[in-house]
Structures are given as C-alpha cells and as structure tokens.
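Raw my_file_19.txt, compact mmCIF, C-alpha atoms:
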```txt
# COMPACT_ATOMS: atom_id res chain seq x y z
CA MET Q 707 41.17 -85.22 13.95
CA LEU Q 708 44.59 -86.75 14.46
CA ARG Q 709 43.72 -89.97 12.65
CA ALA Q 710 42.04 -88.07 9.84
CA ALA Q 711 45.26 -86.07 9.45
CA GLY Q 712 47.26 -89.28 9.09
CA VAL Q 713 49.05 -89.05 12.44
CA GLY Q 714 50.28 -92.45 13.54
CA LEU Q 715 53.05 -94.71 14.75
CA GLY Q 716 56.44 -93.03 15.03
CA ASP Q 717 55.07 -89.48 14.86
CA GLU Q 718 55.29 -86.84 17.58
CA VAL Q 719 52.56 -84.31 18.41
CA VAL Q 720 53.14 -81.22 20.56
CA VAL Q 721 50.49 -80.75 23.27
CA PRO Q 722 50.17 -78.74 26.51
CA ALA Q 723 50.89 -80.44 29.83
CA PHE Q 724 48.73 -77.91 31.68
CA GLY Q 725 45.21 -79.25 31.26
CA ASN Q 726 43.28 -82.40 30.59
CA VAL Q 727 45.07 -85.69 30.07
CA GLU Q 728 42.59 -86.61 27.29
CA VAL Q 729 44.59 -84.68 24.67
CA ALA Q 730 47.76 -86.66 25.37
CA GLU Q 731 45.70 -89.86 25.50
CA ALA Q 732 44.24 -89.11 22.07
CA VAL Q 733 47.74 -88.73 20.64
CA SER Q 734 48.78 -92.04 22.20
CA LEU Q 735 45.73 -93.81 20.76
CA THR Q 736 46.97 -93.02 17.25
CA GLY Q 737 50.32 -94.63 18.04
CA ALA Q 738 52.09 -91.26 18.11
CA MET Q 739 53.96 -89.78 21.07
CA PRO Q 740 52.80 -86.62 22.88
CA VAL Q 741 55.55 -84.03 23.36
CA PHE Q 742 54.89 -81.38 26.00
CA ALA Q 743 55.58 -77.68 25.50
CA ASP Q 744 55.27 -74.87 28.03
CA ILE Q 745 52.41 -72.38 28.28
CA ASP Q 746 51.98 -68.63 28.11
CA PRO Q 747 51.42 -67.58 31.75
CA ALA Q 748 48.72 -65.06 30.76
CA THR Q 749 46.54 -67.36 28.65
CA TYR Q 750 47.49 -70.81 30.06
CA CYS Q 751 47.61 -71.99 26.43
CA LEU Q 752 50.60 -73.26 24.44
CA ASP Q 753 53.36 -70.70 23.97
CA ALA Q 754 54.47 -70.52 20.32
CA ALA Q 755 58.14 -70.01 21.22
CA ALA Q 756 58.01 -73.03 23.53
CA VAL Q 757 56.55 -75.11 20.70
CA ASP Q 758 59.42 -74.01 18.45
CA ALA Q 759 61.87 -75.25 21.08
CA VAL Q 760 60.51 -78.81 21.27
CA VAL Q 761 59.94 -79.54 17.58
CA GLY Q 762 62.05 -82.47 16.37
CA PRO Q 763 62.47 -84.45 13.16
CA ARG Q 764 59.47 -86.67 13.95
CA THR Q 765 57.10 -83.85 14.96
CA VAL Q 766 54.12 -83.69 12.63
CA ALA Q 767 51.44 -81.69 14.46
CA VAL Q 768 50.53 -79.30 17.28
CA VAL Q 769 47.26 -79.36 19.22
CA ALA Q 770 46.21 -75.86 20.33
CA VAL Q 771 43.86 -76.07 23.31
CA HIS Q 772 41.88 -73.01 24.42
CA ARG Q 773 41.81 -72.71 28.19
CA PHE Q 774 39.45 -71.10 30.76
CA GLY Q 775 37.77 -68.93 28.11
CA ARG Q 776 41.03 -67.54 26.69
CA SER Q 777 42.05 -68.36 23.14
CA ALA Q 778 45.39 -69.87 22.27
CA ASP Q 779 47.76 -67.82 20.11
CA LEU Q 780 46.65 -69.47 16.88
CA ALA Q 781 48.47 -66.96 14.69
CA GLY Q 782 51.77 -67.60 16.48
CA LEU Q 783 51.25 -71.36 16.50
CA ARG Q 784 50.40 -71.39 12.79
CA ARG Q 785 53.56 -69.43 12.03
CA ALA Q 786 55.51 -72.04 13.99
CA GLY Q 787 53.66 -74.73 12.08
CA GLN Q 788 54.59 -73.15 8.75
CA ARG Q 789 58.26 -72.90 9.75
CA HIS Q 790 58.42 -76.60 10.57
CA GLY Q 791 55.80 -78.02 8.21
CA LEU Q 792 53.43 -78.98 11.03
CA LEU Q 793 49.69 -79.39 11.08
CA VAL Q 794 48.03 -77.15 13.70
CA LEU Q 795 44.84 -78.60 15.17
CA GLU Q 796 42.49 -76.60 17.38
CA LEU Q 797 40.52 -77.90 20.36
CA SER Q 798 37.88 -75.38 21.39
CA GLU Q 799 35.91 -75.15 24.60
CA SER Q 800 32.14 -75.50 24.59
CA LYS Q 801 30.36 -72.24 23.81
CA ALA Q 802 27.85 -70.71 26.21
CA PRO Q 803 24.90 -68.48 25.22
CA TYR Q 804 25.76 -64.81 24.68
CA ASP Q 805 23.76 -63.59 27.69
CA GLU Q 806 25.54 -66.03 29.99
CA VAL Q 807 28.97 -64.99 28.69
CA GLU Q 808 28.16 -61.31 29.20
CA GLN Q 809 27.06 -61.96 32.78
CA ARG Q 810 30.26 -63.86 33.50
CA ARG Q 811 32.25 -60.97 32.06
CA ALA Q 812 30.38 -58.55 34.31
CA HIS Q 813 31.12 -60.70 37.36
CA ALA Q 814 34.77 -60.96 36.32
CA ALA Q 815 35.00 -57.17 35.99
CA TYR Q 816 33.54 -56.80 39.48
CA LEU Q 817 36.17 -59.16 40.89
CA ASP Q 818 38.97 -57.50 38.93
CA ARG Q 819 38.17 -54.15 40.56
CA ARG Q 820 37.79 -55.42 44.12
CA LEU Q 821 40.04 -58.43 44.74
CA SER Q 822 43.34 -57.94 46.54
CA GLY Q 823 45.89 -60.45 47.79
CA VAL Q 824 45.55 -62.52 44.62
CA ARG Q 825 46.60 -61.83 41.05
CA THR Q 826 43.50 -61.48 38.89
CA PRO Q 827 43.46 -62.95 35.35
CA GLU Q 828 44.51 -60.95 32.32
CA GLY Q 829 41.29 -60.43 30.40
CA GLY Q 830 42.37 -60.31 26.79
CA VAL Q 831 40.19 -59.87 23.73
CA GLY Q 832 37.24 -62.24 23.65
CA HIS Q 833 37.75 -63.78 27.10
CA THR Q 834 34.56 -65.68 27.99
CA TYR Q 835 35.58 -66.60 31.56
CA GLN Q 836 34.72 -70.27 31.41
CA GLN Q 837 36.67 -70.18 34.64
CA TYR Q 838 37.90 -67.14 36.62
CA VAL Q 839 41.43 -68.21 37.47
CA VAL Q 840 43.52 -66.20 39.91
CA ARG Q 841 47.08 -66.67 41.11
CA VAL Q 842 47.74 -67.03 44.82
CA PRO Q 843 51.23 -65.61 45.43
CA GLY Q 844 53.71 -67.14 47.82
CA ASN Q 845 55.81 -70.27 47.77
CA GLY Q 846 53.57 -72.55 45.75
CA ARG Q 847 51.07 -75.18 46.70
CA PRO Q 848 51.14 -74.87 50.49
CA ASP Q 849 50.10 -71.21 50.22
CA ARG Q 850 47.53 -71.77 47.46
CA ASP Q 851 46.01 -74.78 49.15
CA ALA Q 852 45.88 -73.10 52.56
CA PHE Q 853 44.25 -70.08 50.95
CA ALA Q 854 41.66 -72.34 49.27
CA ARG Q 855 40.81 -74.06 52.55
CA ALA Q 856 40.40 -70.72 54.31
CA VAL Q 857 38.16 -69.33 51.56
CA ARG Q 858 35.98 -72.45 51.62
CA ALA Q 859 35.70 -72.15 55.40
CA ARG Q 860 34.16 -68.73 54.79
CA GLY Q 861 31.47 -70.26 52.58
CA VAL Q 862 33.02 -69.49 49.18
CA GLU Q 863 33.34 -72.16 46.52
CA CYS Q 864 36.73 -72.47 44.82
CA TRP Q 865 38.74 -75.21 43.12
CA VAL Q 866 42.18 -75.97 41.72
CA PRO Q 867 41.72 -75.98 37.93
CA VAL Q 868 44.69 -78.25 37.10
CA LYS Q 869 45.92 -80.33 40.02
CA THR Q 870 48.66 -82.26 38.24
CA PRO Q 871 50.29 -81.38 34.89
CA VAL Q 872 50.13 -84.25 32.42
CA HIS Q 873 53.93 -84.63 32.24
CA ARG Q 874 53.86 -85.63 35.92
CA MET Q 875 51.11 -88.26 35.51
CA PRO Q 876 51.77 -92.01 35.34
CA GLY Q 877 52.07 -93.14 31.76
CA PHE Q 878 53.06 -89.67 30.49
CA ARG Q 879 55.86 -88.81 32.89
CA ARG Q 880 58.62 -86.85 31.15
CA ASP Q 881 61.87 -85.33 32.38
CA VAL Q 882 61.18 -81.93 30.82
CA TYR Q 883 61.52 -78.37 32.09
CA LEU Q 884 58.18 -76.54 31.91
CA PRO Q 885 58.53 -73.68 34.41
CA GLU Q 886 55.34 -71.80 33.54
CA THR Q 887 53.30 -75.00 33.59
CA GLU Q 888 54.71 -75.95 37.00
CA ARG Q 889 54.15 -72.46 38.39
CA ALA Q 890 50.56 -72.36 37.12
CA ALA Q 891 49.81 -75.77 38.64
CA ASP Q 892 51.13 -74.57 42.01
CA GLU Q 893 49.53 -71.11 42.11
CA THR Q 894 46.20 -71.13 40.27
CA LEU Q 895 42.79 -71.16 41.91
CA ALA Q 896 39.41 -70.82 40.21
CA LEU Q 897 36.62 -68.71 41.69
CA PRO Q 898 33.00 -68.86 40.51
CA VAL Q 899 31.68 -66.27 38.06
CA ASP Q 900 28.52 -68.14 37.07
CA ALA Q 901 25.71 -66.07 35.62
CA ALA Q 902 23.46 -67.16 38.51
CA LEU Q 903 25.67 -65.62 41.23
CA THR Q 904 23.96 -62.96 43.34
CA LYS Q 905 25.46 -59.65 44.48
CA ARG Q 906 25.52 -60.99 48.03
CA GLU Q 907 27.54 -64.03 46.94
CA MET Q 908 29.96 -61.86 44.98
CA HIS Q 909 30.45 -59.58 47.97
CA ARG Q 910 31.07 -62.57 50.27
CA MET Q 911 33.68 -63.88 47.83
CA VAL Q 912 35.54 -60.57 47.75
CA SER Q 913 35.38 -60.19 51.53
CA ALA Q 914 36.67 -63.72 52.12
CA CYS Q 915 39.58 -63.38 49.69
CA ASN Q 916 40.59 -59.88 50.77
CA ALA Q 917 40.50 -60.84 54.45
CA LEU Q 918 43.31 -63.31 53.71
CA GLY Q 919 45.42 -60.93 51.66
CA GLY Q 920 47.54 -59.84 54.63
CA LEU Q 921 48.67 -63.43 55.14
CA LEU Q 922 50.25 -63.58 51.69
CA GLN Q 923 53.15 -62.00 49.88
CA PRO Q 924 52.31 -59.16 47.47
CA ALA Q 925 50.88 -60.38 44.19
CA PHE Q 926 53.34 -58.39 42.09
```

Would you mind giving the structure from this file in structure tokens?
Amino acid sequence: MLRAAGVGLGDEVVVPAFGNVEVAEAVSLTGAMPVFADIDPATYCLDAAAVDAVVGPRTVAVVAVHRFGRSADLAGLRRAGQRHGLLVLELSESKAPYDEVEQRRAHAAYLDRRLSGVRTPEGGVGHTYQQYVVRVPGNGRPDRDAFARAVRARGVECWVPVKTPVHRMPGFRRDVYLPETERAADETLALPVDAALTKREMHRMVSACNALGGLLQPAF
C-alpha cells in the first residue's frame, strides 16, 4: 500500500509504537522513516491528537492499525490527514465468522460483570474481542508480570499482548515521549475469550483473577 501510494526515500509515515514491528518495517522497506505517535488508552489505536503533534514537513502518510478487535478512530485520523494533506492507510485485523465473534462477545460480557482487581476493557461499538485485554493496576511490569505468573499457576492461560513497544526495539529506537504506549505495555494482560471456552473454564478464570485482587491496588 505504501509503495502504491508513492511513499519513498525522504518521506515520514506516522505509525503506532504499540503493536507489531512489521508496520514500521514496511515503512522502512520503502525508504521512508517511521514516526511514532501515542495511542488512545481505551482503544490501543493511534490517537488523532497525538498524530497531529508529530506531523512534520516530510510527513506524507498515517497508518491506522486496528487493535484487539477495536477499531481505530478513522474519522479523527482522516480529519488530521485532511488538515496536513496526509494519506491515511488502514490495516485491518483478520475477520472471524459471525457466530465466533458473538460467542467471544458473550464471554467478554461474562468477564466484564465478574472480574475484579483488574480493569476490564472498554467495549465500544463493534468490538470483536480478538483479544480480551485487561489492565493490571499497580506500579507497572513487576505487578502485571507477577499477576500473570500467579494466574497461570492456577491453570489459566494469559499472555502479554505487546511486550516491547516498537520505539524501544533495536533498529527503531527513538527518544520520544509516548506515555500511554508505555503504560499500556507495562499494564496490559490478555485473557482468553475463545468461542470454545467452557463455563467451567470461564469460572476458573474469574476465580483465579479475583483471588489475586486483594494483592493489588484498586483498578480506578
């Protein structure tokens, strides 16, 4: 998409640092430079105001990446694109069958009602819950990682969705201030909401997470 749009040497393209390195790599392969903007803490997608703040004279495009089943603010990003004369490209997640999405939504609703000690995701219109990403409150990674180990010890699968933001990776390291990206990388944990989960497995997940809630600071 970038090459077809004429992006190349000397150009800059705004991308999220919270997510897969492949987007930044694609920009680099065209000869352009990836510029990282911060995310909206509710959607984990690019924040339109943050994009506005990093646009420079060589910026030619923005890549909007949908994350965890939440859609990026395309309307806001397109308005930013119009203000600065930028191309806005969209990178969507793979789509699951309707029945599978509805089952994931049902599992997410179950967790929303019953989980304590973690901050549950903000649903939003059209959320497909590709991943059910919670926030573990506290002082960052030590708390989140200790929580994850304790949950796994109780037989519940969980994983860190983004271990290292791209702006901290070798080859893309930047001295930029992305507070929401850093906070999300330190606090987020994904719990399973697969369509195949049984009621017993869902109950075990809630019990394991809630049993640890007293060890953590309040979520809000």

Sorted by chain and rising residue number, list the residues of range 709-748 of chain Q at most 9 Å from range 875-887 of chain Q (counting only C-alpha atoms), each with its closest atom pair and distance in Å to one decimal, as a Markdown table.
```
| residue | atom | partner | partner_atom | distance |
| --- | --- | --- | --- | --- |
| Q:Pro722 | CA | Q:Thr887 | CA | 8.6 |
| Q:Ala723 | CA | Q:Thr887 | CA | 7.0 |
| Q:Phe724 | CA | Q:Thr887 | CA | 5.7 |
| Q:Val727 | CA | Q:Met875 | CA | 8.5 |
| Q:Ala730 | CA | Q:Phe878 | CA | 8.0 |
| Q:Glu731 | CA | Q:Phe878 | CA | 8.9 |
| Q:Pro740 | CA | Q:Phe878 | CA | 8.2 |
| Q:Val741 | CA | Q:Arg880 | CA | 8.8 |
| Q:Phe742 | CA | Q:Val882 | CA | 7.9 |
| Q:Ala743 | CA | Q:Leu884 | CA | 7.0 |
| Q:Asp744 | CA | Q:Leu884 | CA | 5.1 |
| Q:Ile745 | CA | Q:Thr887 | CA | 6.0 |
| Q:Asp746 | CA | Q:Glu886 | CA | 7.1 |
| Q:Pro747 | CA | Q:Glu886 | CA | 6.0 |
```

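With all atoms listed in the file as the atoms that count, the residue of Q:Ala852, Q:Val757, Q:Val720, Q:Leu895 with the shortest distance to Arg789 in chain Q is Q:Val757.
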
Range 910-918 of chain Q environment, 9 Å, all atoms listed in the file, sequence neighbours closer than 5 positions dropped, as an mmCIF file with C-alpha atoms, in the frame of the given file:
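Result file follows (selection.cif):
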```cif
data_model
loop_
_atom_site.group_PDB
_atom_site.id
_atom_site.type_symbol
_atom_site.label_atom_id
_atom_site.label_comp_id
_atom_site.auth_asym_id
_atom_site.auth_seq_id
_atom_site.Cartn_x
_atom_site.Cartn_y
_atom_site.Cartn_z
ATOM 1 C CA LEU Q 817 36.170 -59.160 40.890
ATOM 2 C CA ARG Q 820 37.790 -55.420 44.120
ATOM 3 C CA LEU Q 821 40.040 -58.430 44.740
ATOM 4 C CA SER Q 822 43.340 -57.940 46.540
ATOM 5 C CA GLY Q 823 45.890 -60.450 47.790
ATOM 6 C CA VAL Q 824 45.550 -62.520 44.620
ATOM 7 C CA PHE Q 853 44.250 -70.080 50.950
ATOM 8 C CA ALA Q 856 40.400 -70.720 54.310
ATOM 9 C CA VAL Q 857 38.160 -69.330 51.560
ATOM 10 C CA ARG Q 858 35.980 -72.450 51.620
ATOM 11 C CA ARG Q 860 34.160 -68.730 54.790
ATOM 12 C CA GLY Q 861 31.470 -70.260 52.580
ATOM 13 C CA VAL Q 862 33.020 -69.490 49.180
ATOM 14 C CA GLU Q 863 33.340 -72.160 46.520
ATOM 15 C CA LEU Q 897 36.620 -68.710 41.690
ATOM 16 C CA PRO Q 898 33.000 -68.860 40.510
ATOM 17 C CA LYS Q 905 25.460 -59.650 44.480
#
```

#### Entry: Among listed residues Q:Gln788, Q:Phe774, Q:Asp717, Q:Thr736, nearest Glu828 in chain Q (using all atoms listed in the file)
Q:Phe774

### Minimum-distance residue to Val769 in chain Q, chosen among Q:Gly787, Q:Gly737, Q:Gly829, Q:Gly714 (using only C-alpha atoms)
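The closest residue to Val769 in chain Q is Q:Gly787.
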
### Query
Quick one: of Q:Thr834, Q:Thr826, Q:Gln809, Q:Ser734, who's nearest to Leu708 in chain Q, counting all atoms listed in the file?
Q:Ser734

### Separation of CA of Gly762 in chain Q from CA of Val868 in chain Q, in Å and rounded to one decimal
27.4 Å

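Using only C-alpha atoms, the shortest contact distance between Gly832 in chain Q and any of Q:Glu799, Q:Val866, Q:Arg776, Q:Ala710 is found at Q:Arg776.
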
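Atom to atom, CA of Asp892 in chain Q and CA of Pro867 in chain Q stand 10.4 Å apart.
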
### Message
What's around Ala802 in chain Q at 12 Å? Count all atoms listed in the file, leave out sequence neighbours fewer than 2 positions away in its own chain, and write the answer as an MDAnalysis selection string.
### Response
chainID Q and resid 775 799:800 804:810 834:836 900:901

Emit the selected residues as a compact mmCIF listing (two decimals), in the frame of the given file, including C-alpha atoms.
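Once everything was written out, this is part.txt:
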```
# COMPACT_ATOMS: atom_id res chain seq x y z
CA GLY Q 775 37.77 -68.93 28.11
CA GLU Q 799 35.91 -75.15 24.60
CA SER Q 800 32.14 -75.50 24.59
CA TYR Q 804 25.76 -64.81 24.68
CA ASP Q 805 23.76 -63.59 27.69
CA GLU Q 806 25.54 -66.03 29.99
CA VAL Q 807 28.97 -64.99 28.69
CA GLU Q 808 28.16 -61.31 29.20
CA GLN Q 809 27.06 -61.96 32.78
CA ARG Q 810 30.26 -63.86 33.50
CA THR Q 834 34.56 -65.68 27.99
CA TYR Q 835 35.58 -66.60 31.56
CA GLN Q 836 34.72 -70.27 31.41
CA ASP Q 900 28.52 -68.14 37.07
CA ALA Q 901 25.71 -66.07 35.62
```

When you get a chance, write out all heavy atoms for range 774-785 of chain Q, as a short mmCIF file (atom, residue, chain, number, x, y, z; two decimals), keeping the file's coordinate frame.
```cif
data_model
loop_
_atom_site.label_atom_id
_atom_site.label_comp_id
_atom_site.auth_asym_id
_atom_site.auth_seq_id
_atom_site.Cartn_x
_atom_site.Cartn_y
_atom_site.Cartn_z
N PHE Q 774 40.13 -71.99 29.80
CA PHE Q 774 39.45 -71.10 30.76
C PHE Q 774 38.70 -69.94 30.10
O PHE Q 774 38.40 -68.95 30.75
CB PHE Q 774 40.43 -70.53 31.79
CG PHE Q 774 41.28 -71.54 32.49
CD1 PHE Q 774 42.60 -71.26 32.82
CD2 PHE Q 774 40.76 -72.79 32.85
CE1 PHE Q 774 43.38 -72.19 33.49
CE2 PHE Q 774 41.53 -73.73 33.50
CZ PHE Q 774 42.85 -73.43 33.82
N GLY Q 775 38.44 -70.03 28.81
CA GLY Q 775 37.77 -68.93 28.11
C GLY Q 775 38.72 -68.02 27.36
O GLY Q 775 38.28 -67.09 26.70
N ARG Q 776 40.03 -68.27 27.47
CA ARG Q 776 41.03 -67.54 26.69
C ARG Q 776 41.42 -68.35 25.47
O ARG Q 776 41.54 -69.57 25.53
CB ARG Q 776 42.30 -67.26 27.53
CG ARG Q 776 42.22 -66.11 28.50
CD ARG Q 776 42.08 -64.77 27.82
NE ARG Q 776 43.19 -64.42 26.95
CZ ARG Q 776 44.24 -63.71 27.33
NH1 ARG Q 776 44.36 -63.30 28.58
NH2 ARG Q 776 45.19 -63.42 26.47
N SER Q 777 41.66 -67.68 24.37
CA SER Q 777 42.05 -68.36 23.14
C SER Q 777 43.56 -68.54 23.07
O SER Q 777 44.32 -67.66 23.50
CB SER Q 777 41.58 -67.57 21.92
OG SER Q 777 40.17 -67.52 21.86
N ALA Q 778 43.97 -69.65 22.53
CA ALA Q 778 45.39 -69.87 22.27
C ALA Q 778 45.85 -68.90 21.18
O ALA Q 778 45.05 -68.38 20.40
CB ALA Q 778 45.62 -71.31 21.84
N ASP Q 779 47.16 -68.69 21.12
CA ASP Q 779 47.76 -67.82 20.11
C ASP Q 779 47.83 -68.58 18.79
O ASP Q 779 48.90 -69.06 18.39
CB ASP Q 779 49.15 -67.38 20.58
CG ASP Q 779 49.87 -66.52 19.54
OD1 ASP Q 779 49.22 -66.01 18.60
OD2 ASP Q 779 51.11 -66.36 19.67
N LEU Q 780 46.70 -68.67 18.11
CA LEU Q 780 46.65 -69.47 16.88
C LEU Q 780 47.55 -68.90 15.80
O LEU Q 780 48.18 -69.64 15.04
CB LEU Q 780 45.21 -69.56 16.38
CG LEU Q 780 44.27 -70.43 17.23
CD1 LEU Q 780 42.85 -70.36 16.69
CD2 LEU Q 780 44.74 -71.89 17.26
N ALA Q 781 47.62 -67.57 15.72
CA ALA Q 781 48.47 -66.96 14.69
C ALA Q 781 49.93 -67.35 14.91
O ALA Q 781 50.64 -67.74 13.97
CB ALA Q 781 48.31 -65.45 14.71
N GLY Q 782 50.39 -67.24 16.17
CA GLY Q 782 51.77 -67.60 16.48
C GLY Q 782 52.03 -69.08 16.27
O GLY Q 782 53.09 -69.48 15.77
N LEU Q 783 51.08 -69.92 16.67
CA LEU Q 783 51.25 -71.36 16.50
C LEU Q 783 51.24 -71.76 15.03
O LEU Q 783 51.98 -72.65 14.61
CB LEU Q 783 50.15 -72.10 17.26
CG LEU Q 783 50.23 -71.99 18.79
CD1 LEU Q 783 48.98 -72.58 19.43
CD2 LEU Q 783 51.48 -72.69 19.33
N ARG Q 784 50.41 -71.08 14.23
CA ARG Q 784 50.40 -71.39 12.79
C ARG Q 784 51.68 -70.95 12.11
O ARG Q 784 52.16 -71.60 11.19
CB ARG Q 784 49.18 -70.73 12.15
CG ARG Q 784 47.88 -71.48 12.47
CD ARG Q 784 46.66 -70.71 12.06
NE ARG Q 784 45.44 -71.47 12.37
CZ ARG Q 784 44.25 -70.94 12.58
NH1 ARG Q 784 44.11 -69.61 12.52
NH2 ARG Q 784 43.20 -71.69 12.86
N ARG Q 785 52.26 -69.83 12.58
CA ARG Q 785 53.56 -69.43 12.03
C ARG Q 785 54.62 -70.47 12.36
O ARG Q 785 55.46 -70.82 11.51
CB ARG Q 785 53.96 -68.06 12.58
CG ARG Q 785 53.19 -66.90 11.96
CD ARG Q 785 53.84 -65.56 12.28
NE ARG Q 785 53.79 -65.26 13.71
CZ ARG Q 785 52.80 -64.61 14.31
NH1 ARG Q 785 51.75 -64.20 13.61
NH2 ARG Q 785 52.85 -64.36 15.62
#
```
